[in-house]
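Let me begin by presenting the structure, written as structure tokens, before commenting on it.
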Amino acid sequence: MRVAYWPGCVSRGFTPELHGSMAKVAPLLDIELVELDRACCTGAGVIAEHNQELADTLNARTFALAQQVQGAELMMNICSTCQGAQSECQERLDANAEYRERVNSNLADEGLGYEKGLTNKNFLWLLVEEIGLESLRAKVKRPLSNLKVGPFYGCYIVRPRSRLGIDTEHPRDHYLEQLIETLGGTVIEYAGMRKCCGFPIITMNKEASLKQAGRHLGDAVDAEADCLVTPCPLCHLNLDLQQPLAEGAVGRELKMPVLHLPQLVGLALGLEPKELGLSRHVVRPTSVIDWSTSVVGAAA
Amino acid sequence: MADLDDVHRPPEQFTLRVRRYDPESGEPPYWDEHTIELEPHRSVLEAILQARDRFDGSIGIRCSCRQAICGSCGVRINGEPGLACHTHLDHARDGAGGGTIVIEPMGNMPVLKDLIVDMDEVHWRKVQRVTPWLLPSEPAPEREYIVPRESMVDVTQTMACIQCGACVSDCLAMEVDPGFIGPAALAKAYRFVGDPRDQQQRERLVDLAQDPQGIYDCTHCFKCVEACPKDVNPMGQIMRLRRIAVDDQQIVDRNNGERHEAAFTTLVRDYGLNHEAELLSRSYGGNSWFGKFNPRAAKELVSSLQIIVLGMLRGKMSPKLALFGHKIPSGDLKAVKAIYEKVEGREQRYELNLYVSGSDEDDQAPASSTSTSPSTSAPSTAQGGSDAGGVAEQSAEASAGATATAAETAGAGAANEGEQA
């Protein structure tokens, strides 16, 4: 399938291994990524906090660019925060025709306009709803046997439920568990899996921010997870990049590797840890997980 | 008719698993299970009361109105906060995967007994913290204050709060920082900051921005938005407090709140994309390229040195990216800048609140319907760079206004501490 692909800023900035691993995984899933390289940052809620109409206009511009991609079935992102920020703007734009017109008039100089009803899915949702778990299972070359994986969603992709289309038919707040099982891994449930990583207040209250990250990582350690997986690069920054400081904030050793979603999928599809950028993490998954027994050794 | 059929469904058995704890007993908490019989449309509260009446008179639960108005019966049902009287038994059973309904006291507050938590110690103390009463100009008018109707519409969402504490229960910032003023109290703060009769808007905002546990301690997790049974959207109110503090009052706080917002917004204008390294240094040192040389930024740099070095070594960031960032193509950057100029150049900031305006679909009316048009919803009352009194003065002068009572006591009187078993 062909998708209008919004990679976000951080996946091309401080977590380049995310964008890189997505590019590696996409062809294996027959996803053609048409990158929206003309689009700008979603604002991550901060621009909306500053000026709602400005954030809505910037995102409407991205939506309009996505709607121009020939043959694309939908727009896809790889960042929980992008999904949340975009869904919030889209909710307002779709709810009110007059407001949509007002925002579109801000785009008129460029000849762009957003038409109500864009489908915008995070890679996680696309995997489950478009590709399907059964067809994904058929593609698994190296089941993640004996790998105990803790999901970490990121707030923006699980709340608020109604805005994000989470209901009994679409239990999107349980897709990570379904996915881990499909890839052959073992799901580790722990207290912090749908809580906040603390990243949004890292510059405002660093201690509280790191405590949040440290607690969830510690919960995962106590639940005996081998690693975590997250669809959010901002969570990844606080959980992985900041982990040495988070250890200090909660006063315990953590050493918990955190994988990006496409990395976990890529491993199961047979890609090598190095091509997926796993060596770029602060807490190197290879230093904790013995891939020769827990993953590679279990090859089908 | 489906609803009527629902009401006429016969009683069914439901099993409740209730967390019991009496701190005065010296015994640890334990779980109790009771199977009750009620029609599926009845409430979880009715089920708890039946269990208390039939099996164990010592179960502690606080309740009063039983119709989602008094806010007394906040509990956690299957791990999620809510009003026991406002949750149908069949829905609660569905939420439990068809099995036992788990009922616990709310979080972030000490348990007094079983399902009763100490609202005074946490919730009410925090509400008192934000001066929850009107601070009008002196002298007060002889009769009522006259304000334009639109200027009050803006605060109706926060006025819907019934002080049940559900948002406090699940606040993730409070979980790690118990001193955080929190969602309920800050939503209450907006109720007065947004009130055209209040004369202390700036003072209130300076106080809440400078407090390390004030508006910038909110971690933006949407827990309170999800928890609120009245759609108050506390997090949204906190964001509005920040917006007015930064963009109208230009309050520069010691928590990097204003600098972070300014830096983020400016960097996206200038690069199209976020420039993480620059965002960090500017959030501490000030919103310009020179921000990184400010002592505050240098101090932060030193405390994060370990992370920076590790990140560089692992190839997470290249020195080039850290210094120069990444940009979208120049033609698009120009378009983004033009959008900034157009939208930020307007005299009044525009805000669509779906709580007030509803959506076209809700109304089943065409977009031209006047009742849903943004122009009749509440546009932000704030004006760029205006002084604190601007809104209220403008309000007082309006001739065709609605009235609002001068004796506003929305703070203390809203909730009803009901019966305690």
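Residues are referred to by chain and number: the chain letter is A, B, ... according to the order shown in the structure tokens, the number counts from 1 in that chain, and ligands are numbered separately from 1 in the order shown.
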field: Residue neighbourhood region 16-19 of chain A, 8 Å, only C-alpha atoms, exclusion window fewer than 4 positions, as a PyMOL selection string
entry: (chain A and resi 7+10-12+23+233+260+262-263+276-278+280) or (chain B and resi 316-317)
Write to file, as a PDB file, in the first residue's frame, the residues of the selection just made, with N, CA and C atoms.
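Resulting contents of part.pdb:
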```
ATOM      1  N   PRO A   7       7.087  11.578   8.941  1.00  0.00           N
ATOM      2  CA  PRO A   7       8.034  10.980   9.898  1.00  0.00           C
ATOM      3  C   PRO A   7       8.176  11.777  11.197  1.00  0.00           C
ATOM      4  N   VAL A  10      11.607  14.511  15.430  1.00  0.00           N
ATOM      5  CA  VAL A  10      12.578  13.843  16.287  1.00  0.00           C
ATOM      6  C   VAL A  10      13.118  12.576  15.629  1.00  0.00           C
ATOM      7  N   SER A  11      12.289  11.929  14.793  1.00  0.00           N
ATOM      8  CA  SER A  11      12.756  10.706  14.128  1.00  0.00           C
ATOM      9  C   SER A  11      13.839  11.033  13.101  1.00  0.00           C
ATOM     10  N   ARG A  12      13.929  12.310  12.739  1.00  0.00           N
ATOM     11  CA  ARG A  12      15.001  12.706  11.816  1.00  0.00           C
ATOM     12  C   ARG A  12      16.040  13.543  12.558  1.00  0.00           C
ATOM     13  N   ALA A  23      12.201   2.964   7.383  1.00  0.00           N
ATOM     14  CA  ALA A  23      12.520   2.841   5.952  1.00  0.00           C
ATOM     15  C   ALA A  23      12.929   1.414   5.598  1.00  0.00           C
ATOM     16  N   PRO A 233       8.830   8.617  19.730  1.00  0.00           N
ATOM     17  CA  PRO A 233      10.241   8.991  19.872  1.00  0.00           C
ATOM     18  C   PRO A 233      10.508   9.938  21.036  1.00  0.00           C
ATOM     19  N   HIS A 260      12.249   1.164  19.431  1.00  0.00           N
ATOM     20  CA  HIS A 260      11.200   1.819  18.657  1.00  0.00           C
ATOM     21  C   HIS A 260      10.358   0.730  18.008  1.00  0.00           C
ATOM     22  N   PRO A 262       9.169   0.191  14.925  1.00  0.00           N
ATOM     23  CA  PRO A 262       9.641  -0.475  13.700  1.00  0.00           C
ATOM     24  C   PRO A 262      10.864  -1.360  13.944  1.00  0.00           C
ATOM     25  N   GLN A 263      11.637  -1.054  14.967  1.00  0.00           N
ATOM     26  CA  GLN A 263      12.794  -1.906  15.276  1.00  0.00           C
ATOM     27  C   GLN A 263      12.345  -3.294  15.725  1.00  0.00           C
ATOM     28  N   LEU A 276      18.957  -1.985  12.037  1.00  0.00           N
ATOM     29  CA  LEU A 276      17.815  -1.294  12.629  1.00  0.00           C
ATOM     30  C   LEU A 276      18.262  -0.194  13.584  1.00  0.00           C
ATOM     31  N   GLY A 277      19.563   0.005  13.689  1.00  0.00           N
ATOM     32  CA  GLY A 277      20.077   1.102  14.509  1.00  0.00           C
ATOM     33  C   GLY A 277      20.052   0.822  16.003  1.00  0.00           C
ATOM     34  N   LEU A 278      19.963  -0.439  16.389  1.00  0.00           N
ATOM     35  CA  LEU A 278      19.885  -0.738  17.824  1.00  0.00           C
ATOM     36  C   LEU A 278      21.156  -0.344  18.568  1.00  0.00           C
ATOM     37  N   ARG A 280      22.569   2.355  18.321  1.00  0.00           N
ATOM     38  CA  ARG A 280      22.566   3.798  18.567  1.00  0.00           C
ATOM     39  C   ARG A 280      21.898   4.188  19.878  1.00  0.00           C
TER      40      ARG A 280
ATOM     41  N   LYS B 316      23.486   9.124  17.991  1.00  0.00           N
ATOM     42  CA  LYS B 316      22.098   9.588  18.042  1.00  0.00           C
ATOM     43  C   LYS B 316      21.991  10.968  17.426  1.00  0.00           C
ATOM     44  N   MET B 317      23.010  11.757  17.654  1.00  0.00           N
ATOM     45  CA  MET B 317      23.013  13.106  17.080  1.00  0.00           C
ATOM     46  C   MET B 317      24.419  13.426  16.606  1.00  0.00           C
TER      47      MET B 317
END
```
message: Can you tell me, as a list in words, which residues in region 6-162 of chain A count as strand (DSSP E or B) by DSSP?
response: Trp6, Glu32, Leu33, Val34, Glu35, Leu74, Met75, Met76, Asn77, Asn120, Lys121, Asn122, Lys148, Val149, Gly150 and Pro151 of chain A
task: Please provide as a count of residues only all residues within 9 Å of region 34-40 of chain A, with the sequence filter that same-chain residues fewer than 2 positions apart are discarded (counting only C-alpha atoms).
output: 33
task: Could you please tell me, as a PyMOL selection string, which residues of chain A have an atom within 8 Å of chain B when using only C-alpha atoms?
output: chain A and resi 9-10+13-17+37-41+43+46-47+49-54+57-58+92+95-99+106-107+110+155-156+159-161+195-196+198-201+203-205+208+211-212+241-242+244-245+279-282
task: Once DSSP has gone over the backbone, tell me which residues of region 80-285 of chain B are in alpha helix (DSSP H), as number ranges by chain.
output: B: 89-95, 125-129, 149-153, 156-159, 166-170, 172-176, 183-193, 201-210, 223-227, 234-243, 257-271, 276-285
query: If you count only C-alpha atoms, which residues fall within 8 Å of Leu179 (chain A), apart from same-chain ones fewer than 4 positions away, as a count of residues only?
result: 4
field: Computed interatomic separation between CA of Met159 (chain B) and CA of Ala184 (chain B) (Å)
entry: 11.1 Å
Set the distance at 12 Å and use only C-alpha atoms: which residues neighbour Pro28 (chain B) once local chain neighbours fewer than 4 positions away are removed? I'd like the list as a short mmCIF file (atom, residue, chain, number, x, y, z; two decimals) with N, CA, C and O atoms, in the first residue's frame.
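Saved as out.cif:
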```
data_model
loop_
_atom_site.label_atom_id
_atom_site.label_comp_id
_atom_site.auth_asym_id
_atom_site.auth_seq_id
_atom_site.Cartn_x
_atom_site.Cartn_y
_atom_site.Cartn_z
N ARG B 19 -12.04 -2.94 47.49
CA ARG B 19 -10.82 -2.79 48.28
C ARG B 19 -11.19 -2.21 49.64
O ARG B 19 -11.80 -1.13 49.73
N ARG B 20 -10.84 -2.93 50.68
CA ARG B 20 -11.20 -2.52 52.03
C ARG B 20 -9.94 -2.10 52.79
O ARG B 20 -8.90 -2.74 52.67
N TYR B 21 -10.07 -1.02 53.54
CA TYR B 21 -8.93 -0.58 54.34
C TYR B 21 -9.40 0.35 55.44
O TYR B 21 -10.13 1.31 55.18
N ASP B 22 -9.01 0.03 56.65
CA ASP B 22 -9.31 0.92 57.77
C ASP B 22 -7.99 1.26 58.45
O ASP B 22 -7.46 0.46 59.22
N PRO B 23 -7.44 2.45 58.15
CA PRO B 23 -6.12 2.79 58.68
C PRO B 23 -6.08 2.74 60.21
O PRO B 23 -5.03 2.45 60.79
N GLU B 24 -7.22 3.01 60.84
CA GLU B 24 -7.23 3.03 62.31
C GLU B 24 -7.11 1.63 62.91
O GLU B 24 -6.76 1.47 64.08
N LYS B 113 -11.29 5.57 54.93
CA LYS B 113 -11.82 4.22 55.18
C LYS B 113 -12.38 3.66 53.86
O LYS B 113 -13.17 4.34 53.19
N ASP B 114 -11.98 2.48 53.51
CA ASP B 114 -12.47 1.78 52.32
C ASP B 114 -12.47 2.67 51.07
O ASP B 114 -11.42 2.97 50.54
#
```
- prompt: Near region 215-231 of chain A, within 9 Å and counting only C-alpha atoms, which residues show up once chain neighbours fewer than 3 positions away are dropped, as a ChimeraX atom specification?
  reply: /A:78-80,122-124,147-154,157,176,187-193,195-197,210-212,235-236,239,243,246-247,250,252-264,285,288-289 /B:176
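The spacing separating CA of Thr15 (chain B) from CA of Ser64 (chain B) amounts to 23.3 Å.
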- request: Write out as a list in words which residues come within 12 Å of Leu112 (chain B) when counting only C-alpha atoms, dropping same-chain ones fewer than 5 positions away.
  value: Arg20, Tyr21, Asp22, Pro23, Glu24, Ser25, Pro29, Ile59, Gly60, Ile61, Arg62, Pro105, Met106, Val117, Asp118, Met119, Asp120, Glu121, Gln420 and Ala421 of chain B
Go ahead and dump the residues you just picked, all heavy atoms, as a compact mmCIF listing (two decimals), in the first residue's frame.
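Output below, filename result.txt:
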```
# COMPACT_ATOMS: atom_id res chain seq x y z
N ARG B 20 -10.84 -2.93 50.68
CA ARG B 20 -11.20 -2.52 52.03
C ARG B 20 -9.94 -2.10 52.79
O ARG B 20 -8.90 -2.74 52.67
CB ARG B 20 -11.87 -3.69 52.78
CG ARG B 20 -13.06 -4.31 52.08
CD ARG B 20 -14.24 -3.36 52.04
NE ARG B 20 -14.58 -2.85 53.35
CZ ARG B 20 -15.40 -3.46 54.22
NH1 ARG B 20 -15.95 -4.60 53.89
NH2 ARG B 20 -15.66 -2.92 55.39
N TYR B 21 -10.07 -1.02 53.54
CA TYR B 21 -8.93 -0.58 54.34
C TYR B 21 -9.40 0.35 55.44
O TYR B 21 -10.13 1.31 55.18
CB TYR B 21 -7.90 0.14 53.44
CG TYR B 21 -6.68 0.64 54.18
CD1 TYR B 21 -6.00 -0.17 55.09
CD2 TYR B 21 -6.20 1.92 53.96
CE1 TYR B 21 -4.87 0.29 55.76
CE2 TYR B 21 -5.07 2.41 54.62
CZ TYR B 21 -4.40 1.58 55.52
OH TYR B 21 -3.30 2.04 56.18
N ASP B 22 -9.01 0.03 56.65
CA ASP B 22 -9.31 0.92 57.77
C ASP B 22 -7.99 1.26 58.45
O ASP B 22 -7.46 0.46 59.22
CB ASP B 22 -10.27 0.22 58.75
CG ASP B 22 -10.64 1.14 59.91
OD1 ASP B 22 -10.14 2.29 59.94
OD2 ASP B 22 -11.43 0.71 60.77
N PRO B 23 -7.44 2.45 58.15
CA PRO B 23 -6.12 2.79 58.68
C PRO B 23 -6.08 2.74 60.21
O PRO B 23 -5.03 2.45 60.79
CB PRO B 23 -5.88 4.23 58.18
CG PRO B 23 -6.95 4.53 57.19
CD PRO B 23 -8.04 3.54 57.37
N GLU B 24 -7.22 3.01 60.84
CA GLU B 24 -7.23 3.03 62.31
C GLU B 24 -7.11 1.63 62.91
O GLU B 24 -6.76 1.47 64.08
CB GLU B 24 -8.50 3.72 62.83
CG GLU B 24 -8.45 5.23 62.61
CD GLU B 24 -9.74 5.92 63.04
OE1 GLU B 24 -10.58 5.26 63.68
OE2 GLU B 24 -9.88 7.11 62.72
N SER B 25 -7.43 0.61 62.12
CA SER B 25 -7.42 -0.77 62.64
C SER B 25 -6.00 -1.32 62.78
O SER B 25 -5.78 -2.28 63.52
CB SER B 25 -8.21 -1.69 61.72
OG SER B 25 -7.48 -1.91 60.52
N PRO B 29 -4.61 -3.39 53.98
CA PRO B 29 -5.79 -3.43 53.10
C PRO B 29 -6.06 -4.86 52.64
O PRO B 29 -5.16 -5.69 52.61
CB PRO B 29 -5.37 -2.57 51.91
CG PRO B 29 -4.18 -1.81 52.33
CD PRO B 29 -3.52 -2.59 53.40
N ILE B 59 -18.92 -1.42 55.12
CA ILE B 59 -18.28 -0.88 53.90
C ILE B 59 -18.42 0.65 53.89
O ILE B 59 -19.53 1.17 54.01
CB ILE B 59 -18.93 -1.45 52.62
CG1 ILE B 59 -18.76 -2.97 52.56
CG2 ILE B 59 -18.34 -0.79 51.37
CD1 ILE B 59 -19.48 -3.63 51.38
N GLY B 60 -17.31 1.34 53.76
CA GLY B 60 -17.33 2.80 53.76
C GLY B 60 -17.44 3.37 52.36
O GLY B 60 -16.60 3.09 51.51
N ILE B 61 -18.49 4.13 52.09
CA ILE B 61 -18.65 4.81 50.80
C ILE B 61 -19.31 6.16 51.07
O ILE B 61 -20.20 6.25 51.91
CB ILE B 61 -19.50 3.96 49.80
CG1 ILE B 61 -19.88 4.74 48.53
CG2 ILE B 61 -20.78 3.46 50.45
CD1 ILE B 61 -18.84 4.76 47.47
N ARG B 62 -18.85 7.20 50.37
CA ARG B 62 -19.44 8.52 50.54
C ARG B 62 -20.38 8.78 49.36
O ARG B 62 -19.99 8.58 48.21
CB ARG B 62 -18.33 9.56 50.57
CG ARG B 62 -18.77 10.98 50.80
CD ARG B 62 -17.61 11.93 50.53
NE ARG B 62 -16.67 12.00 51.63
CZ ARG B 62 -15.36 12.11 51.46
NH1 ARG B 62 -14.84 12.13 50.26
NH2 ARG B 62 -14.56 12.18 52.51
N PRO B 105 -10.76 2.86 46.08
CA PRO B 105 -10.82 4.29 46.35
C PRO B 105 -10.01 5.06 45.30
O PRO B 105 -9.16 4.48 44.62
CB PRO B 105 -10.18 4.43 47.73
CG PRO B 105 -9.29 3.24 47.85
CD PRO B 105 -9.97 2.14 47.08
N MET B 106 -10.27 6.36 45.16
CA MET B 106 -9.51 7.18 44.22
C MET B 106 -8.05 7.25 44.65
O MET B 106 -7.71 7.02 45.81
CB MET B 106 -10.10 8.59 44.15
CG MET B 106 -11.48 8.61 43.51
SD MET B 106 -12.01 10.28 43.06
CE MET B 106 -12.28 11.02 44.66
N VAL B 117 -11.93 8.75 50.53
CA VAL B 117 -10.59 9.33 50.60
C VAL B 117 -10.65 10.72 51.24
O VAL B 117 -11.71 11.33 51.33
CB VAL B 117 -9.94 9.44 49.20
CG1 VAL B 117 -9.70 8.07 48.61
CG2 VAL B 117 -10.79 10.31 48.26
N ASP B 118 -9.50 11.18 51.67
CA ASP B 118 -9.43 12.46 52.37
C ASP B 118 -9.36 13.60 51.36
O ASP B 118 -8.28 14.01 50.93
CB ASP B 118 -8.20 12.48 53.28
CG ASP B 118 -8.27 13.60 54.30
OD1 ASP B 118 -9.05 14.55 54.07
OD2 ASP B 118 -7.55 13.53 55.31
N MET B 119 -10.51 14.11 50.98
CA MET B 119 -10.58 15.21 50.00
C MET B 119 -10.04 16.50 50.60
O MET B 119 -9.46 17.32 49.90
CB MET B 119 -12.04 15.42 49.56
CG MET B 119 -12.66 14.25 48.84
SD MET B 119 -12.23 14.19 47.09
CE MET B 119 -13.31 15.48 46.42
N ASP B 120 -10.22 16.69 51.91
CA ASP B 120 -9.75 17.93 52.56
C ASP B 120 -8.23 18.05 52.44
O ASP B 120 -7.70 19.10 52.13
CB ASP B 120 -10.10 17.92 54.06
CG ASP B 120 -11.60 18.10 54.27
OD1 ASP B 120 -12.25 18.58 53.33
OD2 ASP B 120 -12.09 17.75 55.35
N GLU B 121 -7.57 16.94 52.72
CA GLU B 121 -6.12 16.95 52.81
C GLU B 121 -5.47 17.28 51.46
O GLU B 121 -4.43 17.93 51.41
CB GLU B 121 -5.66 15.55 53.28
CG GLU B 121 -4.19 15.40 53.52
CD GLU B 121 -3.67 16.33 54.60
OE1 GLU B 121 -4.43 16.62 55.54
OE2 GLU B 121 -2.52 16.78 54.49
N GLN B 420 -21.55 9.84 55.25
CA GLN B 420 -20.38 8.97 55.36
C GLN B 420 -20.75 7.77 56.19
O GLN B 420 -21.24 7.91 57.30
CB GLN B 420 -19.21 9.69 56.02
CG GLN B 420 -18.61 10.74 55.12
CD GLN B 420 -17.29 11.23 55.64
OE1 GLN B 420 -16.71 10.62 56.52
NE2 GLN B 420 -16.80 12.32 55.10
N ALA B 421 -20.55 6.62 55.62
CA ALA B 421 -20.94 5.42 56.37
C ALA B 421 -19.77 4.89 57.16
O ALA B 421 -18.65 5.02 56.72
CB ALA B 421 -21.43 4.36 55.42
```
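If only C-alpha atoms are the atoms counted, then among A:Gly20, A:Arg163, A:Val158, A:Leu271 the closest residue to Gln90 (chain A) is A:Arg163.
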Coordinates-based distance that separates CA of Met75 (chain A) from CA of Leu126 (chain A) (Å, one decimal): 9.7 Å
